[in-house]
>>> print(open('data24.cif').read())   # mmCIF, C-alpha atoms
data_protein
#
loop_
_atom_site.label_atom_id
_atom_site.label_comp_id
_atom_site.auth_asym_id
_atom_site.auth_seq_id
_atom_site.Cartn_x
_atom_site.Cartn_y
_atom_site.Cartn_z
CA MET A 1 -15.81 0.61 -20.98
CA GLY A 2 -14.96 -2.68 -19.38
CA SER A 3 -17.45 -4.65 -17.39
CA ILE A 4 -16.73 -5.83 -13.86
CA TYR A 5 -18.18 -9.08 -12.54
CA ASN A 6 -21.91 -9.64 -12.80
CA ASP A 7 -23.15 -12.80 -11.18
CA THR A 8 -25.72 -14.30 -13.54
CA ASN A 9 -27.49 -16.17 -10.75
CA PRO A 10 -27.50 -13.78 -7.78
CA ALA A 11 -30.28 -15.73 -6.06
CA PHE A 12 -27.95 -18.71 -5.73
CA SER A 13 -27.55 -19.36 -2.02
CA GLY A 14 -24.41 -21.48 -2.08
CA PRO A 15 -23.92 -25.11 -1.10
CA THR A 16 -26.81 -26.67 0.81
CA GLY A 17 -25.33 -30.15 1.08
CA GLY A 18 -23.61 -32.82 -0.93
CA SER A 19 -20.85 -31.89 -3.31
CA SER A 20 -20.13 -29.02 -5.66
CA LEU A 21 -18.01 -28.95 -8.80
CA ALA A 22 -16.30 -25.88 -10.22
CA ALA A 23 -14.46 -25.13 -13.45
CA PHE A 24 -12.86 -22.02 -14.91
CA PHE A 25 -13.02 -20.81 -18.50
CA ASP A 26 -11.11 -18.28 -20.56
CA SER A 27 -14.05 -17.48 -22.85
CA ARG A 28 -17.65 -16.55 -22.19
CA SER A 29 -18.83 -18.78 -25.04
CA ASP A 30 -17.22 -21.88 -23.48
CA ALA A 31 -18.67 -21.06 -20.06
CA GLU A 32 -22.16 -20.43 -21.43
CA SER A 33 -21.96 -23.59 -23.55
CA ALA A 34 -21.16 -25.59 -20.41
CA VAL A 35 -24.12 -24.01 -18.61
CA SER A 36 -26.45 -24.83 -21.51
CA ARG A 37 -25.30 -28.43 -21.60
CA LEU A 38 -25.75 -28.73 -17.84
CA GLU A 39 -29.32 -27.49 -18.14
CA ASP A 40 -30.01 -29.86 -21.04
CA ALA A 41 -28.66 -32.73 -18.94
CA GLY A 42 -31.28 -32.04 -16.28
CA VAL A 43 -29.30 -30.06 -13.75
CA PRO A 44 -31.70 -27.63 -12.00
CA VAL A 45 -30.99 -24.05 -13.01
CA ALA A 46 -30.91 -22.98 -9.36
CA ARG A 47 -27.87 -25.20 -8.80
CA ILE A 48 -25.81 -23.64 -11.60
CA ARG A 49 -23.87 -20.44 -11.14
CA LEU A 50 -21.86 -18.49 -13.71
CA MET A 51 -19.61 -15.73 -12.40
CA PRO A 52 -18.20 -13.55 -15.19
CA GLY A 53 -15.01 -11.66 -14.52
CA TYR A 54 -13.70 -8.40 -15.89
CA GLU A 55 -14.58 -7.97 -19.57
CA ALA A 56 -12.52 -5.32 -21.31
CA GLY A 57 -14.21 -3.03 -23.79
CA ALA A 58 -13.40 -2.96 -27.49
CA LYS A 59 -10.80 -0.22 -27.05
CA ASN A 60 -8.82 -2.03 -24.37
CA THR A 61 -9.15 -5.69 -25.30
CA GLY A 62 -6.82 -7.82 -23.25
CA ALA A 63 -6.67 -5.39 -20.35
CA MET A 64 -7.28 -6.63 -16.83
CA SER A 65 -9.03 -5.08 -13.90
CA ASP A 66 -7.09 -3.51 -11.04
CA ASP A 67 -9.81 -4.72 -8.67
CA ARG A 68 -8.32 -7.58 -6.66
CA SER A 69 -10.18 -7.41 -3.38
CA GLY A 70 -13.54 -6.85 -5.07
CA PHE A 71 -13.41 -10.13 -6.93
CA PHE A 72 -12.23 -11.92 -3.79
CA ASP A 73 -15.16 -10.50 -1.83
CA ALA A 74 -17.59 -11.36 -4.64
CA LEU A 75 -16.72 -15.04 -4.20
CA ALA A 76 -17.54 -15.10 -0.46
CA ASP A 77 -20.80 -17.01 -0.88
CA PHE A 78 -19.20 -19.59 -3.16
CA PHE A 79 -17.69 -20.96 0.08
CA PHE A 80 -14.30 -21.84 -1.43
CA PRO A 81 -11.22 -22.21 0.77
CA ASP A 82 -9.28 -18.93 0.75
CA GLU A 83 -6.42 -20.27 -1.38
CA ASP A 84 -8.84 -21.45 -4.09
CA ARG A 85 -10.89 -18.29 -3.72
CA ALA A 86 -7.73 -16.23 -4.37
CA VAL A 87 -6.93 -18.16 -7.55
CA TYR A 88 -10.47 -17.81 -8.91
CA ALA A 89 -10.48 -14.10 -8.02
CA GLU A 90 -7.27 -13.58 -9.95
CA GLY A 91 -8.73 -15.43 -12.92
CA LEU A 92 -11.84 -13.23 -12.82
CA ARG A 93 -9.67 -10.13 -12.62
CA ARG A 94 -7.93 -11.31 -15.78
CA GLY A 95 -11.22 -11.75 -17.61
CA GLY A 96 -12.14 -15.39 -17.02
CA PHE A 97 -15.43 -17.07 -16.16
CA LEU A 98 -16.23 -19.35 -13.23
CA VAL A 99 -18.95 -22.00 -13.35
CA GLN A 100 -20.03 -23.84 -10.21
CA VAL A 101 -22.65 -26.55 -9.85
CA ASN A 102 -23.98 -26.90 -6.32
CA ASP A 103 -25.35 -29.94 -4.49
CA VAL A 104 -24.48 -32.46 -7.20
CA ASP A 105 -26.22 -35.78 -6.58
CA ASP A 106 -24.87 -39.21 -7.51
CA ALA A 107 -27.13 -39.61 -10.53
CA LEU A 108 -25.70 -36.54 -12.28
CA TYR A 109 -22.21 -36.36 -10.81
CA GLU A 110 -20.36 -37.98 -13.71
CA THR A 111 -22.39 -36.04 -16.26
CA VAL A 112 -21.73 -32.70 -14.58
CA HIS A 113 -18.04 -33.48 -14.24
CA ASP A 114 -17.69 -34.54 -17.88
CA ILE A 115 -19.47 -31.45 -19.18
CA LEU A 116 -17.31 -29.09 -17.13
CA ASP A 117 -14.19 -30.98 -18.12
CA ASP A 118 -15.08 -30.98 -21.82
CA GLU A 119 -16.15 -27.41 -22.60
CA GLY A 120 -12.83 -25.60 -22.75
CA SER A 121 -12.13 -25.39 -19.02
CA ILE A 122 -8.55 -24.77 -17.90
CA ASP A 123 -6.14 -26.33 -15.41
CA MET A 124 -6.17 -23.78 -12.59
CA ASP A 125 -3.06 -25.17 -10.89
CA GLU A 126 -1.12 -24.77 -14.12
CA ARG A 127 -2.52 -21.31 -14.75
CA ALA A 128 -1.80 -20.20 -11.18
CA ASP A 129 1.83 -21.24 -11.63
CA LEU A 130 2.00 -19.07 -14.75
CA TRP A 131 0.43 -16.06 -13.04
CA SER A 132 2.79 -16.36 -10.09
CA LEU A 133 5.78 -16.54 -12.44
CA GLU A 134 4.56 -13.40 -14.23
CA ASP A 135 4.24 -11.56 -10.92
CA ARG A 136 7.77 -12.54 -9.90
CA GLN A 137 9.23 -11.52 -13.25
CA GLN A 138 7.53 -8.14 -12.98
CA GLY A 139 8.93 -7.70 -9.50
CA ALA A 140 5.47 -7.52 -8.01
CA SER A 141 5.35 -7.31 -4.25
CA ASN A 142 2.32 -7.27 -1.98
CA THR A 143 0.10 -7.44 -5.05
CA GLY A 144 -2.40 -9.73 -3.41
CA PHE A 145 -1.39 -12.66 -5.60
CA ALA A 146 1.94 -14.27 -4.80
CA GLY A 147 3.26 -17.79 -5.09
CA GLN A 148 6.45 -19.31 -3.79
CA ALA A 149 9.32 -19.58 -6.23
CA SER A 150 9.68 -23.30 -5.75
CA GLY A 151 8.09 -26.28 -4.14
CA GLY A 152 4.50 -27.46 -4.55
CA LYS A 153 1.83 -25.97 -6.73
CA SER A 154 1.50 -22.23 -6.61
CA SER A 155 -2.25 -22.43 -6.21
CA ASP A 156 -1.71 -24.08 -2.83
CA ASP A 157 0.48 -21.17 -1.73
CA LEU A 158 -1.49 -18.24 -3.10
CA ALA A 159 -2.84 -15.76 -0.61
CA VAL A 160 -4.50 -12.37 -0.56
CA SER A 161 -4.44 -9.79 2.16
CA GLU A 162 -8.23 -9.95 2.42
CA SER A 163 -8.18 -13.62 3.41
CA ALA A 164 -8.26 -12.97 7.16
CA PHE A 165 -11.97 -12.79 7.93
CA ASP A 166 -13.63 -13.04 11.30
CA ASP A 167 -17.03 -14.00 9.91
CA ALA A 168 -18.66 -17.36 10.48
CA ARG A 169 -19.22 -18.28 6.84
CA PRO A 170 -18.96 -22.01 6.13
CA VAL A 171 -15.94 -23.08 4.11
CA ALA A 172 -16.08 -26.04 1.75
CA MET A 173 -13.16 -28.44 1.67
CA ARG A 174 -11.35 -29.33 -1.53
CA ASP A 175 -12.09 -32.97 -2.37
CA THR A 176 -8.88 -34.14 -4.03
CA THR A 177 -10.13 -37.71 -4.45
CA HIS A 178 -12.70 -36.53 -6.97
CA GLY A 179 -12.65 -33.96 -9.70
CA SER A 180 -9.76 -33.66 -12.13
CA ALA A 181 -7.07 -31.24 -13.29
CA LYS A 182 -9.70 -28.94 -14.81
CA VAL A 183 -12.65 -29.60 -12.48
CA ARG A 184 -12.35 -29.01 -8.75
CA ALA A 185 -14.62 -30.85 -6.34
CA TYR A 186 -15.71 -29.47 -2.96
CA THR A 187 -17.71 -30.70 0.02
CA LEU A 188 -19.01 -28.84 3.04
CA PRO A 189 -17.73 -30.37 6.29
CA GLY A 190 -20.34 -32.71 7.72
CA SER A 191 -22.71 -32.33 4.77
CA ASN A 192 -22.50 -36.00 3.92
CA GLU A 193 -22.19 -37.32 7.43
CA PRO A 194 -25.13 -38.61 9.51
CA SER A 195 -26.24 -36.54 12.46
CA ASP A 196 -25.47 -37.71 15.97
CA ASP A 197 -29.05 -38.89 16.44
CA ALA A 198 -29.05 -40.78 13.16
CA ASP A 199 -25.68 -42.28 13.99
CA ARG A 200 -26.87 -43.45 17.40
CA GLN A 201 -30.01 -44.92 15.82
CA SER A 202 -27.90 -46.72 13.25
CA GLN A 203 -25.62 -48.12 15.94
CA SER A 204 -28.61 -49.26 18.00
CA GLN A 205 -30.10 -51.00 14.98
CA SER A 206 -26.79 -52.70 14.21
CA GLN A 207 -26.49 -53.98 17.76
CA SER A 208 -30.09 -55.24 17.80
CA GLN A 209 -29.45 -57.20 14.61
CA GLY A 210 -26.33 -58.81 15.94
CA GLY A 211 -24.02 -56.45 14.17
CA SER A 212 -25.05 -57.78 10.78
CA HIS A 213 -25.69 -54.29 9.45
CA GLN A 214 -23.20 -51.47 9.68
CA SER A 215 -23.77 -47.79 9.20
CA GLN A 216 -22.41 -46.75 5.82
CA GLY A 217 -21.01 -43.34 5.12
CA PHE A 218 -21.60 -41.46 1.89
CA ARG A 219 -19.19 -42.47 -0.84
CA ARG A 220 -18.83 -41.62 -4.48
CA ASP A 221 -16.43 -43.64 -6.63
CA HIS A 222 -15.40 -42.71 -10.09
#
>>> encode(input="data24.cif", output="structure tokens")
Amino acid sequence: MGSIYNDTNPAFSGPTGGSSLAAFFDSRSDAESAVSRLEDAGVPVARIRLMPGYEAGAKNTGAMSDDRSGFFDALADFFFPDEDRAVYAEGLRRGGFLVQVNDVDDALYETVHDILDDEGSIDMDERADLWSLEDRQQGASNTGFAGQASGGKSSDDLAVSESAFDDARPVAMRDTTHGSAKVRAYTLPGSNEPSDDADRQSQSQSQSQGGSHQSQGFRRDH
């Protein structure tokens, strides 16, 4: 009998600040290899999360789960934007594996990115285009995973009926200036910005020193 998702780090509380990086894998071995390398590189275990998707049993290898909304709901505390959440949910339904590293600091950012990029991760925009094409060819309608026939990347257009939530969960923003085709970067709004009090203190200090020092915002260059 197939196995539905089983979060291997259920105590993971989601982003607490800084940036997060996420990558998707077709095979469990590639995903687990990435996790092992991350741990060996010094990434705290509590910051690493592996979300397995549907794993078909021996008698129905290659089958996919019919559970669309369940996977979407299971990703709620990953804090992805809904369009990204829908793509990952579809990948999990098809038997993939999601790895996210939370609160990545500057010292390990490049290392984390390179490991996720190197261990068999896939281009989710490319894969989403393929899935959307398959749905259209099969005449699927209101399936919970639909892309536009033309224009832009399908992953930007994907939507699921469960995306309209009234809860107050934080939503991370996709950081397109970082990451790569196979590794998506996210930041929580305001997580890297100084508080109002800190900003006022910084401005006061700058003025008292003749403007010689300016408040600097967080920046990570690759």
>>> atom_distance(input="data24.cif", atom1="atom CA of Met64 of chain A", atom2="atom CA of Arg93 of chain A")
6.0 Å
>>> closest_residue(input="data24.cif", among="A:Gly95, A:Asp84, A:Ala22, A:Arg28", to="Gly53 of chain A", atoms="all atoms listed in the file")
A:Gly95
>>> residues_near_point(input="data24.cif", point="(-30.7, -17.5, -15.6)", cutoff="9 Å", atoms="all atoms listed in the file", output="PyMOL selection string")
chain A and resi 8-9+45-46+48-49
>>> residues_near_point(input="data24.cif", point="(-10.6, -30.3, -0.6)", cutoff="8 Å", atoms="only C-alpha atoms", output="NGL selection string")
:A and (172-176 or 185-187)
>>> resolve_selection(input="data24.cif", expression="the PyMOL selection byres ((chain A and resi 51) around 8)", output="list in words")
Tyr5, Asn6, Asp7, Thr8, Arg49, Leu50, Pro52, Gly53, Phe97, Leu98 and Val99 of chain A
>>> atom_distance(input="data24.cif", atom1="atom CA of Val35 of chain A", atom2="atom CA of Glu110 of chain A")
15.3 Å
>>> atom_distance(input="data24.cif", atom1="atom CA of Ala107 of chain A", atom2="atom CA of His178 of chain A")
15.2 Å
>>> resolve_selection(input="data24.cif", expression="the PyMOL selection byres ((chain A and resi 94) around 9)", output="number ranges by chain")
A: 53-55, 62-65, 89-93, 95-96
>>> axis_aligned_box(input="data24.cif", around="segment 51-56 of chain A", padding_each_side="4 Å", output="JSON")
{"center_x": -16.1, "center_y": -10.5, "center_z": -16.9, "size_x": 15.1, "size_y": 18.4, "size_z": 16.9}
